[in-house]
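Pasted below: start08.txt, compact mmCIF, C-alpha atoms.
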# COMPACT_ATOMS: atom_id res chain seq x y z
CA ASN A 1 -87.72 -63.09 -0.22
CA SER A 2 -86.70 -63.87 3.38
CA SER A 3 -83.27 -64.96 2.10
CA GLY A 4 -82.70 -61.64 0.37
CA SER A 5 -83.22 -62.97 -3.17
CA PHE A 6 -84.94 -60.74 -5.72
CA VAL A 7 -88.53 -61.81 -6.48
CA ARG A 8 -90.23 -59.17 -8.69
CA SER A 9 -90.74 -55.51 -9.38
CA PHE A 10 -93.87 -53.62 -10.39
CA GLY A 11 -95.19 -50.09 -10.66
CA GLY A 12 -93.52 -47.15 -12.31
CA TYR A 13 -94.06 -43.45 -12.95
CA GLY A 14 -97.64 -42.66 -13.96
CA THR A 15 -101.21 -41.95 -12.91
CA SER A 16 -102.93 -45.35 -13.29
CA CYS A 17 -103.84 -47.45 -10.27
CA ASN A 18 -100.66 -49.54 -10.24
CA ARG A 19 -98.36 -46.62 -11.03
CA TRP A 20 -97.50 -43.61 -8.92
CA ARG A 21 -95.60 -40.36 -8.78
CA TYR A 22 -93.04 -40.20 -5.97
CA ALA A 23 -94.77 -42.38 -3.40
CA ARG A 24 -93.35 -41.54 0.02
CA GLN A 25 -94.44 -44.55 2.12
CA PHE A 26 -96.28 -47.86 1.89
CA SER A 27 -97.56 -50.34 4.44
CA ILE A 28 -98.36 -54.06 4.15
CA HIS A 29 -101.34 -55.30 6.14
CA ASN A 30 -102.74 -58.84 5.80
CA ASP A 31 -100.66 -59.28 2.64
CA ILE A 32 -102.15 -56.21 0.98
CA ILE A 33 -100.05 -53.17 0.03
CA TYR A 34 -101.36 -49.70 0.93
CA LEU A 35 -99.45 -46.84 -0.67
CA ALA A 36 -99.42 -43.05 -0.28
CA ASP A 37 -99.10 -41.73 -3.85
CA THR A 38 -97.67 -38.34 -2.96
CA TYR A 39 -97.80 -36.35 -6.22
CA ASN A 40 -100.98 -37.95 -7.55
CA TYR A 41 -102.78 -37.08 -4.27
CA ARG A 42 -104.07 -40.64 -3.96
CA VAL A 43 -104.14 -43.72 -1.77
CA LYS A 44 -103.69 -47.07 -3.49
CA LYS A 45 -104.47 -50.65 -2.48
CA LEU A 46 -102.47 -53.31 -4.31
CA SER A 47 -101.92 -57.04 -4.27
CA LEU A 48 -98.44 -58.38 -3.50
CA THR A 49 -97.89 -58.76 -7.25
CA GLY A 50 -98.91 -55.16 -7.99
CA GLY A 51 -102.49 -55.78 -9.05
CA CYS A 52 -104.89 -52.87 -8.57
CA LEU A 53 -107.48 -53.40 -5.81
CA ALA A 54 -108.57 -49.81 -5.11
CA ASN A 55 -107.49 -46.25 -5.89
CA ARG A 56 -108.87 -43.19 -4.06
CA ASN A 57 -108.16 -39.47 -4.13
CA THR A 58 -107.13 -37.74 -0.93
CA VAL A 59 -108.82 -34.53 0.20
CA PHE A 60 -105.51 -32.83 0.97
CA SER A 61 -102.41 -32.44 -1.18
CA TYR A 62 -99.21 -34.46 -0.93
CA PRO A 63 -100.07 -37.55 1.13
CA THR A 64 -96.74 -38.64 2.56
CA SER A 65 -97.33 -41.28 5.23
CA ILE A 66 -99.63 -44.24 5.69
CA ALA A 67 -100.48 -46.80 8.39
CA VAL A 68 -103.15 -49.50 8.49
CA ASN A 69 -105.14 -51.56 10.98
CA ASN A 70 -108.05 -53.95 10.42
CA ARG A 71 -110.58 -51.12 10.24
CA ASN A 72 -108.89 -48.05 8.82
CA VAL A 73 -106.12 -46.60 6.72
CA PHE A 74 -104.55 -43.43 8.16
CA VAL A 75 -102.84 -40.99 5.80
CA GLY A 76 -100.71 -38.01 6.79
CA ASN A 77 -99.64 -35.06 4.66
CA SER A 78 -97.46 -31.96 4.72
CA GLY A 79 -99.81 -30.08 7.05
CA THR A 80 -101.56 -30.81 10.35
CA ARG A 81 -104.23 -33.28 9.23
CA ILE A 82 -104.60 -37.05 9.11
CA GLU A 83 -107.17 -38.51 6.72
CA THR A 84 -108.97 -41.79 7.42
CA PHE A 85 -110.16 -44.40 4.92
CA TYR A 86 -111.84 -47.76 5.40
CA THR A 87 -109.42 -50.64 4.94
CA SER A 88 -111.97 -52.78 3.09
CA ASN A 89 -112.67 -50.46 0.14
CA LEU A 90 -110.64 -47.25 0.69
CA GLN A 91 -113.77 -45.14 1.02
CA GLN A 92 -112.89 -42.04 3.00
CA SER A 93 -114.40 -41.88 6.47
CA GLY A 94 -113.14 -38.42 7.42
CA TYR A 95 -110.13 -36.52 8.69
CA GLN A 96 -108.84 -34.84 11.84
CA THR A 97 -106.97 -31.58 12.26
CA PHE A 98 -104.41 -31.16 15.04
CA SER A 99 -102.42 -28.23 16.36
CA SER A 100 -98.99 -27.73 14.80
CA GLY A 101 -97.45 -28.46 18.19
CA ASP A 102 -98.90 -31.97 18.06
CA LEU A 103 -98.64 -32.75 14.36
CA TYR A 104 -96.71 -30.92 11.67
CA TYR A 105 -95.81 -32.71 8.43
CA ALA A 106 -96.33 -36.42 9.12
CA TRP A 107 -93.40 -37.70 7.07
CA GLY A 108 -93.70 -41.29 8.33
CA MET A 109 -96.05 -43.27 10.58
CA SER A 110 -96.66 -46.81 11.82
CA MET A 111 -99.26 -48.77 13.73
CA ASN A 112 -98.46 -51.06 16.66
CA LYS A 113 -99.25 -54.76 16.34
CA ALA A 114 -102.55 -54.45 18.21
CA GLY A 115 -103.67 -51.67 15.89
CA ASN A 116 -104.62 -49.35 18.75
CA LYS A 117 -101.65 -46.95 18.70
CA LEU A 118 -100.19 -44.81 15.95
CA ILE A 119 -96.70 -43.31 16.07
CA VAL A 120 -95.97 -40.34 13.78
CA ALA A 121 -92.64 -38.80 12.79
CA ASN A 122 -93.17 -35.04 12.47
CA TYR A 123 -90.73 -33.69 9.90
CA ASN A 124 -91.30 -29.97 10.49
CA GLY A 125 -92.13 -30.50 14.15
CA ASN A 126 -88.86 -32.39 14.85
CA ARG A 127 -90.63 -34.75 17.21
CA LEU A 128 -92.58 -37.98 17.57
CA SER A 129 -96.29 -37.94 18.39
CA GLU A 130 -98.20 -40.98 19.63
CA PHE A 131 -101.96 -41.34 19.26
CA SER A 132 -104.45 -43.86 20.57
CA VAL A 133 -106.74 -45.35 17.91
CA SER A 134 -110.38 -46.16 18.56
CA SER A 135 -113.03 -46.70 15.86
CA GLY A 136 -111.02 -44.67 13.39
CA ARG A 137 -110.50 -41.70 15.72
CA LEU A 138 -107.13 -40.51 16.98
CA SER A 139 -106.37 -39.02 20.39
CA LEU A 140 -102.94 -37.67 21.33
CA ILE A 141 -101.28 -39.67 24.11
CA ARG A 142 -97.81 -38.16 24.30
CA LYS A 143 -95.03 -36.54 22.28
CA THR A 144 -91.30 -35.97 22.48
CA SER A 145 -89.63 -32.57 22.85
CA ASN A 146 -89.34 -30.60 19.63
CA SER A 147 -86.03 -28.72 19.56
CA TYR A 148 -84.03 -29.02 16.32
CA SER A 149 -81.00 -30.58 17.97
CA SER A 150 -78.43 -33.38 17.91
CA SER A 151 -78.84 -34.05 21.64
CA ASN A 152 -80.19 -37.41 22.79
CA GLY A 153 -83.94 -37.70 22.30
CA TYR A 154 -84.13 -34.78 19.87
CA PHE A 155 -84.29 -34.65 16.09
CA ARG A 156 -83.06 -32.76 13.13
CA ARG A 157 -86.04 -33.82 10.98
CA ALA A 158 -87.78 -36.99 12.12
CA THR A 159 -88.62 -39.04 9.02
CA ASP A 160 -90.10 -42.36 10.19
CA ALA A 161 -90.96 -44.37 13.31
CA VAL A 162 -91.90 -47.99 14.07
CA TYR A 163 -92.93 -50.11 17.06
CA ASP A 164 -91.24 -53.31 18.15
CA SER A 165 -93.14 -56.19 19.78
CA ASN A 166 -92.63 -54.70 23.27
CA GLY A 167 -93.98 -51.27 22.40
CA ASN A 168 -90.58 -49.58 22.09
CA VAL A 169 -90.27 -47.03 19.30
CA TYR A 170 -87.43 -46.65 16.82
CA ALA A 171 -87.19 -43.48 14.74
CA SER A 172 -84.99 -42.28 11.88
CA ASP A 173 -83.32 -38.91 12.35
CA LEU A 174 -82.49 -37.46 8.93
CA TYR A 175 -79.81 -34.82 9.46
CA ASN A 176 -78.33 -36.45 12.55
CA HIS A 177 -77.80 -39.57 10.39
CA ARG A 178 -78.98 -41.95 13.09
CA ILE A 179 -81.75 -44.09 14.53
CA GLN A 180 -83.01 -43.41 18.04
CA LYS A 181 -84.80 -45.77 20.42
CA PHE A 182 -87.53 -44.70 22.87
CA ASN A 183 -89.42 -46.81 25.38
CA SER A 184 -93.22 -47.17 25.45
CA SER A 185 -93.45 -43.84 27.32
CA LEU A 186 -91.37 -42.13 24.58
CA SER A 187 -88.43 -41.67 26.93
CA TYR A 188 -85.06 -41.76 25.16
CA GLN A 189 -83.14 -45.05 25.48
CA ALA A 190 -80.36 -45.29 22.88
CA LYS A 191 -79.06 -44.18 19.49
CA TYR A 192 -77.09 -45.73 16.68
CA GLY A 193 -75.37 -44.37 13.60
CA SER A 194 -73.54 -41.34 12.27
CA TYR A 195 -72.83 -39.84 8.87
CA SER A 196 -71.08 -42.32 6.59
CA THR A 197 -70.99 -43.23 2.90
CA SER A 198 -70.08 -46.85 3.67
CA ASN A 199 -71.86 -47.67 6.95
CA PRO A 200 -75.09 -46.47 8.57
CA PHE A 201 -76.24 -43.82 8.09
CA ARG A 202 -76.45 -41.17 5.39
CA TYR A 203 -79.77 -39.29 5.51
CA PRO A 204 -82.07 -42.14 6.67
CA TYR A 205 -85.53 -41.53 5.25
CA GLY A 206 -87.55 -44.59 6.25
CA MET A 207 -87.45 -47.83 8.16
CA GLY A 208 -89.36 -50.99 8.94
CA ILE A 209 -89.30 -53.76 11.53
CA ASP A 210 -90.12 -57.44 11.10
CA SER A 211 -91.86 -59.96 13.39
CA ASN A 212 -88.50 -60.80 14.98
CA ASP A 213 -87.82 -57.14 15.79
CA ASN A 214 -85.14 -56.81 13.15
CA ILE A 215 -84.95 -53.26 11.80

How would this structure read if it were set down as structure tokens?
Amino acid sequence: NSSGSFVRSFGGYGTSCNRWRYARQFSIHNDIIYLADTYNYRVKKLSLTGGCLANRNTVFSYPTSIAVNNRNVFVGNSGTRIETFYTSNLQQSGYQTFSSGDLYYAWGMSMNKAGNKLIVANYNGNRLSEFSVSSGRLSLIRKTSNSYSSSNGYFRRATDAVYDSNGNVYASDLYNHRIQKFNSSLSYQAKYGSYSTSNPFRYPYGMGIDSNDNI
């Protein structure tokens, strides 16, 4: 709970609706859990207690990332496509294919609070890509540089990204063992962390941010 006390656990390894095989990312929207079931090639919709609400196959293998707004669920995979499902019933509404320079292995993604922007961490592309969202369609707005590097603003495998309430973006940088901050124009602002077994970070894979902008 909000005090850090354990409440419950659910799920487990399997193929039924409320079990999964190596789920990479989940998102909570309006107190509903949406989960990318990576090795079952499915998207799942669950209650906060783990009850099954919907369970749909993806068109493409290995769904790894997921983000949700009031209308749609967006699901990325290990290639250059993002699939779209309706939030209400998880019926698929289509998919889009992008160039590998704009999207390449969407390891993590998040929606802004308004639900009109999507930020994607490109694992193989070593960059962030931001898209506008309108009626379930995505349009590229901007992206960061893509050199595999430890320099400021660059990544050695971007694994996740989130928005704060002001539109700034925070992203986890796997092999640089750090989090980086970018402003709303995706210009580099700051970084935090280095390799450690006792303090942040050691291979950060994912992240989240709460309503008070705590990461």

At a cut-off of 10 Å, using all atoms listed in the file, what residues contact A:Val169? Leave out same-chain residues fewer than 2 positions from it and give the result as a VMD selection string. chain A and resid 110 112 119 128 130 161 to 167 171 180 to 189

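With atom CA of A:Phe60 on one side and atom CA of A:Tyr41 on the other, the separation reads 7.3 Å.
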
So that I can see what lies close to A:Ala121, please list as a PDB file with C-alpha atoms, in the coordinates of the input the residues with an atom at most 10 Å from it, counting all atoms listed in the file and leaving out residues fewer than 5 positions away in the same chain.
ATOM      1  CA  SER A  65     -97.330 -41.280   5.230  1.00  0.00           C
ATOM      2  CA  LEU A 103     -98.640 -32.750  14.360  1.00  0.00           C
ATOM      3  CA  TYR A 104     -96.710 -30.920  11.670  1.00  0.00           C
ATOM      4  CA  TYR A 105     -95.810 -32.710   8.430  1.00  0.00           C
ATOM      5  CA  ALA A 106     -96.330 -36.420   9.120  1.00  0.00           C
ATOM      6  CA  TRP A 107     -93.400 -37.700   7.070  1.00  0.00           C
ATOM      7  CA  GLY A 108     -93.700 -41.290   8.330  1.00  0.00           C
ATOM      8  CA  MET A 109     -96.050 -43.270  10.580  1.00  0.00           C
ATOM      9  CA  SER A 110     -96.660 -46.810  11.820  1.00  0.00           C
ATOM     10  CA  ASN A 126     -88.860 -32.390  14.850  1.00  0.00           C
ATOM     11  CA  ARG A 127     -90.630 -34.750  17.210  1.00  0.00           C
ATOM     12  CA  LEU A 128     -92.580 -37.980  17.570  1.00  0.00           C
ATOM     13  CA  SER A 129     -96.290 -37.940  18.390  1.00  0.00           C
ATOM     14  CA  GLU A 130     -98.200 -40.980  19.630  1.00  0.00           C
ATOM     15  CA  PHE A 155     -84.290 -34.650  16.090  1.00  0.00           C
ATOM     16  CA  ARG A 157     -86.040 -33.820  10.980  1.00  0.00           C
ATOM     17  CA  ALA A 158     -87.780 -36.990  12.120  1.00  0.00           C
ATOM     18  CA  THR A 159     -88.620 -39.040   9.020  1.00  0.00           C
ATOM     19  CA  ASP A 160     -90.100 -42.360  10.190  1.00  0.00           C
ATOM     20  CA  ALA A 161     -90.960 -44.370  13.310  1.00  0.00           C
ATOM     21  CA  VAL A 162     -91.900 -47.990  14.070  1.00  0.00           C
ATOM     22  CA  ALA A 171     -87.190 -43.480  14.740  1.00  0.00           C
ATOM     23  CA  SER A 172     -84.990 -42.280  11.880  1.00  0.00           C
ATOM     24  CA  ASP A 173     -83.320 -38.910  12.350  1.00  0.00           C
TER      25      ASP A 173
END

Find the spatial neighbours of A:Thr84, counting all atoms listed in the file, within a cut-off of 8 Å - ignore same-chain residues fewer than 6 positions away - and output them as an NGL selection string. :A and (72-75 or 92-95 or 136)

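Put simply, atom CA of A:Thr64 is 23.2 Å away from atom CA of A:Asn168.
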
Determine, counting all atoms listed in the file, which protein, DNA and RNA residues have an atom within 10 Å of an atom of A:His177; residues of the same chain fewer than 5 positions away are not included. Present the result as a PyMOL selection string. chain A and resi 150+155-156+172+192-196+200-205

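The smallest atom-to-atom distance between A:Asn199 and any of A:Thr87, A:Arg178, A:Asn55, A:Asp213, using all atoms listed in the file, is found for A:Arg178.
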
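Counting all atoms listed in the file, the residue from A:Asn70, A:Lys44, A:Cys17, A:Asn116 that sits nearest to A:Leu90 is A:Lys44.
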
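Atom CA of A:Phe98 is found 5.5 Å from atom CA of A:Thr80.
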
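Using only C-alpha atoms, the smallest distance between any of A:Val68, A:Thr15, A:Ser135, A:Ile215 and A:Leu35 comes from A:Val68.
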
Scan for residues within 6 Å of the point (-99.4, -42.2, 21.1) in the coordinates of the file, using all atoms listed in the file, and reply as number ranges by chain. A: 117-119, 129-132, 140-142

Once you have the residues from the selection above, write them out as a PDB file, in the coordinates of the input, restricted to C-alpha atoms.
ATOM      1  CA  LYS A 117    -101.650 -46.950  18.700  1.00  0.00           C
ATOM      2  CA  LEU A 118    -100.190 -44.810  15.950  1.00  0.00           C
ATOM      3  CA  ILE A 119     -96.700 -43.310  16.070  1.00  0.00           C
ATOM      4  CA  SER A 129     -96.290 -37.940  18.390  1.00  0.00           C
ATOM      5  CA  GLU A 130     -98.200 -40.980  19.630  1.00  0.00           C
ATOM      6  CA  PHE A 131    -101.960 -41.340  19.260  1.00  0.00           C
ATOM      7  CA  SER A 132    -104.450 -43.860  20.570  1.00  0.00           C
ATOM      8  CA  LEU A 140    -102.940 -37.670  21.330  1.00  0.00           C
ATOM      9  CA  ILE A 141    -101.280 -39.670  24.110  1.00  0.00           C
ATOM     10  CA  ARG A 142     -97.810 -38.160  24.300  1.00  0.00           C
TER      11      ARG A 142
END

Do a neighbour search on A:Leu46 at 9 Å with all atoms listed in the file, toss out local chain neighbours closer than 2 positions, and write the hits as a PDB file with C-alpha atoms, in the frame of the given file.
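What landed in part_32.pdb:
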ATOM      1  CA  CYS A  17    -103.840 -47.450 -10.270  1.00  0.00           C
ATOM      2  CA  ASN A  18    -100.660 -49.540 -10.240  1.00  0.00           C
ATOM      3  CA  ILE A  32    -102.150 -56.210   0.980  1.00  0.00           C
ATOM      4  CA  ILE A  33    -100.050 -53.170   0.030  1.00  0.00           C
ATOM      5  CA  TYR A  34    -101.360 -49.700   0.930  1.00  0.00           C
ATOM      6  CA  LEU A  35     -99.450 -46.840  -0.670  1.00  0.00           C
ATOM      7  CA  LYS A  44    -103.690 -47.070  -3.490  1.00  0.00           C
ATOM      8  CA  LEU A  48     -98.440 -58.380  -3.500  1.00  0.00           C
ATOM      9  CA  THR A  49     -97.890 -58.760  -7.250  1.00  0.00           C
ATOM     10  CA  GLY A  50     -98.910 -55.160  -7.990  1.00  0.00           C
ATOM     11  CA  GLY A  51    -102.490 -55.780  -9.050  1.00  0.00           C
ATOM     12  CA  CYS A  52    -104.890 -52.870  -8.570  1.00  0.00           C
ATOM     13  CA  LEU A  53    -107.480 -53.400  -5.810  1.00  0.00           C
ATOM     14  CA  ALA A  54    -108.570 -49.810  -5.110  1.00  0.00           C
ATOM     15  CA  ASN A  55    -107.490 -46.250  -5.890  1.00  0.00           C
TER      16      ASN A  55
END

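Closest approach to A:Ser100 among A:Arg81, A:Arg56, A:Arg71, A:Lys45 is made by A:Arg81 (distances from all atoms listed in the file).
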
Nearest-residue call for A:Met111, choices A:Asn69, A:Ser9, A:Ser149, A:Asn30, using only C-alpha atoms: A:Asn69

N, CA, C and O atoms are needed for stretch 118-138 of chain A; please write them out as a short mmCIF file (atom, residue, chain, number, x, y, z; two decimals), keeping the file's coordinate frame.
data_model
loop_
_atom_site.label_atom_id
_atom_site.label_comp_id
_atom_site.auth_asym_id
_atom_site.auth_seq_id
_atom_site.Cartn_x
_atom_site.Cartn_y
_atom_site.Cartn_z
N LEU A 118 -100.83 -45.32 17.16
CA LEU A 118 -100.19 -44.81 15.95
C LEU A 118 -99.04 -43.91 16.36
O LEU A 118 -99.22 -42.98 17.15
N ILE A 119 -97.85 -44.16 15.80
CA ILE A 119 -96.70 -43.31 16.07
C ILE A 119 -96.38 -42.54 14.79
O ILE A 119 -96.36 -43.10 13.69
N VAL A 120 -96.17 -41.23 14.93
CA VAL A 120 -95.97 -40.34 13.78
C VAL A 120 -94.65 -39.60 13.93
O VAL A 120 -94.37 -39.02 14.98
N ALA A 121 -93.87 -39.60 12.86
CA ALA A 121 -92.64 -38.80 12.79
C ALA A 121 -92.98 -37.46 12.16
O ALA A 121 -93.38 -37.39 11.00
N ASN A 122 -92.85 -36.39 12.93
CA ASN A 122 -93.17 -35.04 12.47
C ASN A 122 -91.92 -34.39 11.88
O ASN A 122 -90.99 -34.03 12.62
N TYR A 123 -91.91 -34.23 10.57
CA TYR A 123 -90.73 -33.69 9.90
C TYR A 123 -90.48 -32.24 10.30
O TYR A 123 -89.40 -31.88 10.77
N ASN A 124 -91.47 -31.39 10.13
CA ASN A 124 -91.30 -29.97 10.49
C ASN A 124 -91.34 -29.76 12.00
O ASN A 124 -90.78 -28.79 12.51
N GLY A 125 -92.04 -30.63 12.70
CA GLY A 125 -92.13 -30.50 14.15
C GLY A 125 -90.94 -31.06 14.91
O GLY A 125 -90.80 -30.83 16.11
N ASN A 126 -90.06 -31.82 14.22
CA ASN A 126 -88.86 -32.39 14.85
C ASN A 126 -89.19 -33.16 16.13
O ASN A 126 -88.52 -33.04 17.15
N ARG A 127 -90.23 -33.98 16.04
CA ARG A 127 -90.63 -34.75 17.21
C ARG A 127 -91.42 -35.98 16.78
O ARG A 127 -91.84 -36.09 15.63
N LEU A 128 -91.66 -36.87 17.74
CA LEU A 128 -92.58 -37.98 17.57
C LEU A 128 -93.87 -37.68 18.32
O LEU A 128 -93.84 -37.11 19.41
N SER A 129 -94.99 -38.07 17.74
CA SER A 129 -96.29 -37.94 18.39
C SER A 129 -96.98 -39.30 18.38
O SER A 129 -97.02 -39.96 17.34
N GLU A 130 -97.50 -39.70 19.53
CA GLU A 130 -98.20 -40.98 19.63
C GLU A 130 -99.68 -40.74 19.89
O GLU A 130 -100.05 -39.92 20.74
N PHE A 131 -100.51 -41.48 19.16
CA PHE A 131 -101.96 -41.34 19.26
C PHE A 131 -102.59 -42.69 19.61
O PHE A 131 -102.12 -43.73 19.14
N SER A 132 -103.63 -42.66 20.40
CA SER A 132 -104.45 -43.86 20.57
C SER A 132 -105.43 -43.92 19.40
O SER A 132 -105.81 -42.89 18.83
N VAL A 133 -105.84 -45.14 19.04
CA VAL A 133 -106.74 -45.35 17.91
C VAL A 133 -107.97 -46.09 18.40
O VAL A 133 -107.86 -47.17 18.99
N SER A 134 -109.14 -45.52 18.15
CA SER A 134 -110.38 -46.16 18.56
C SER A 134 -111.47 -45.84 17.54
O SER A 134 -111.80 -44.66 17.35
N SER A 135 -111.96 -46.86 16.86
CA SER A 135 -113.03 -46.70 15.86
C SER A 135 -112.69 -45.61 14.84
O SER A 135 -113.55 -44.80 14.45
N GLY A 136 -111.44 -45.60 14.42
CA GLY A 136 -111.02 -44.67 13.39
C GLY A 136 -110.70 -43.27 13.87
O GLY A 136 -110.35 -42.40 13.06
N ARG A 137 -110.80 -43.02 15.17
CA ARG A 137 -110.50 -41.70 15.72
C ARG A 137 -109.17 -41.73 16.45
O ARG A 137 -108.82 -42.73 17.12
N LEU A 138 -108.44 -40.63 16.35
CA LEU A 138 -107.13 -40.51 16.98
C LEU A 138 -107.18 -39.54 18.14
O LEU A 138 -107.81 -38.47 18.05
#
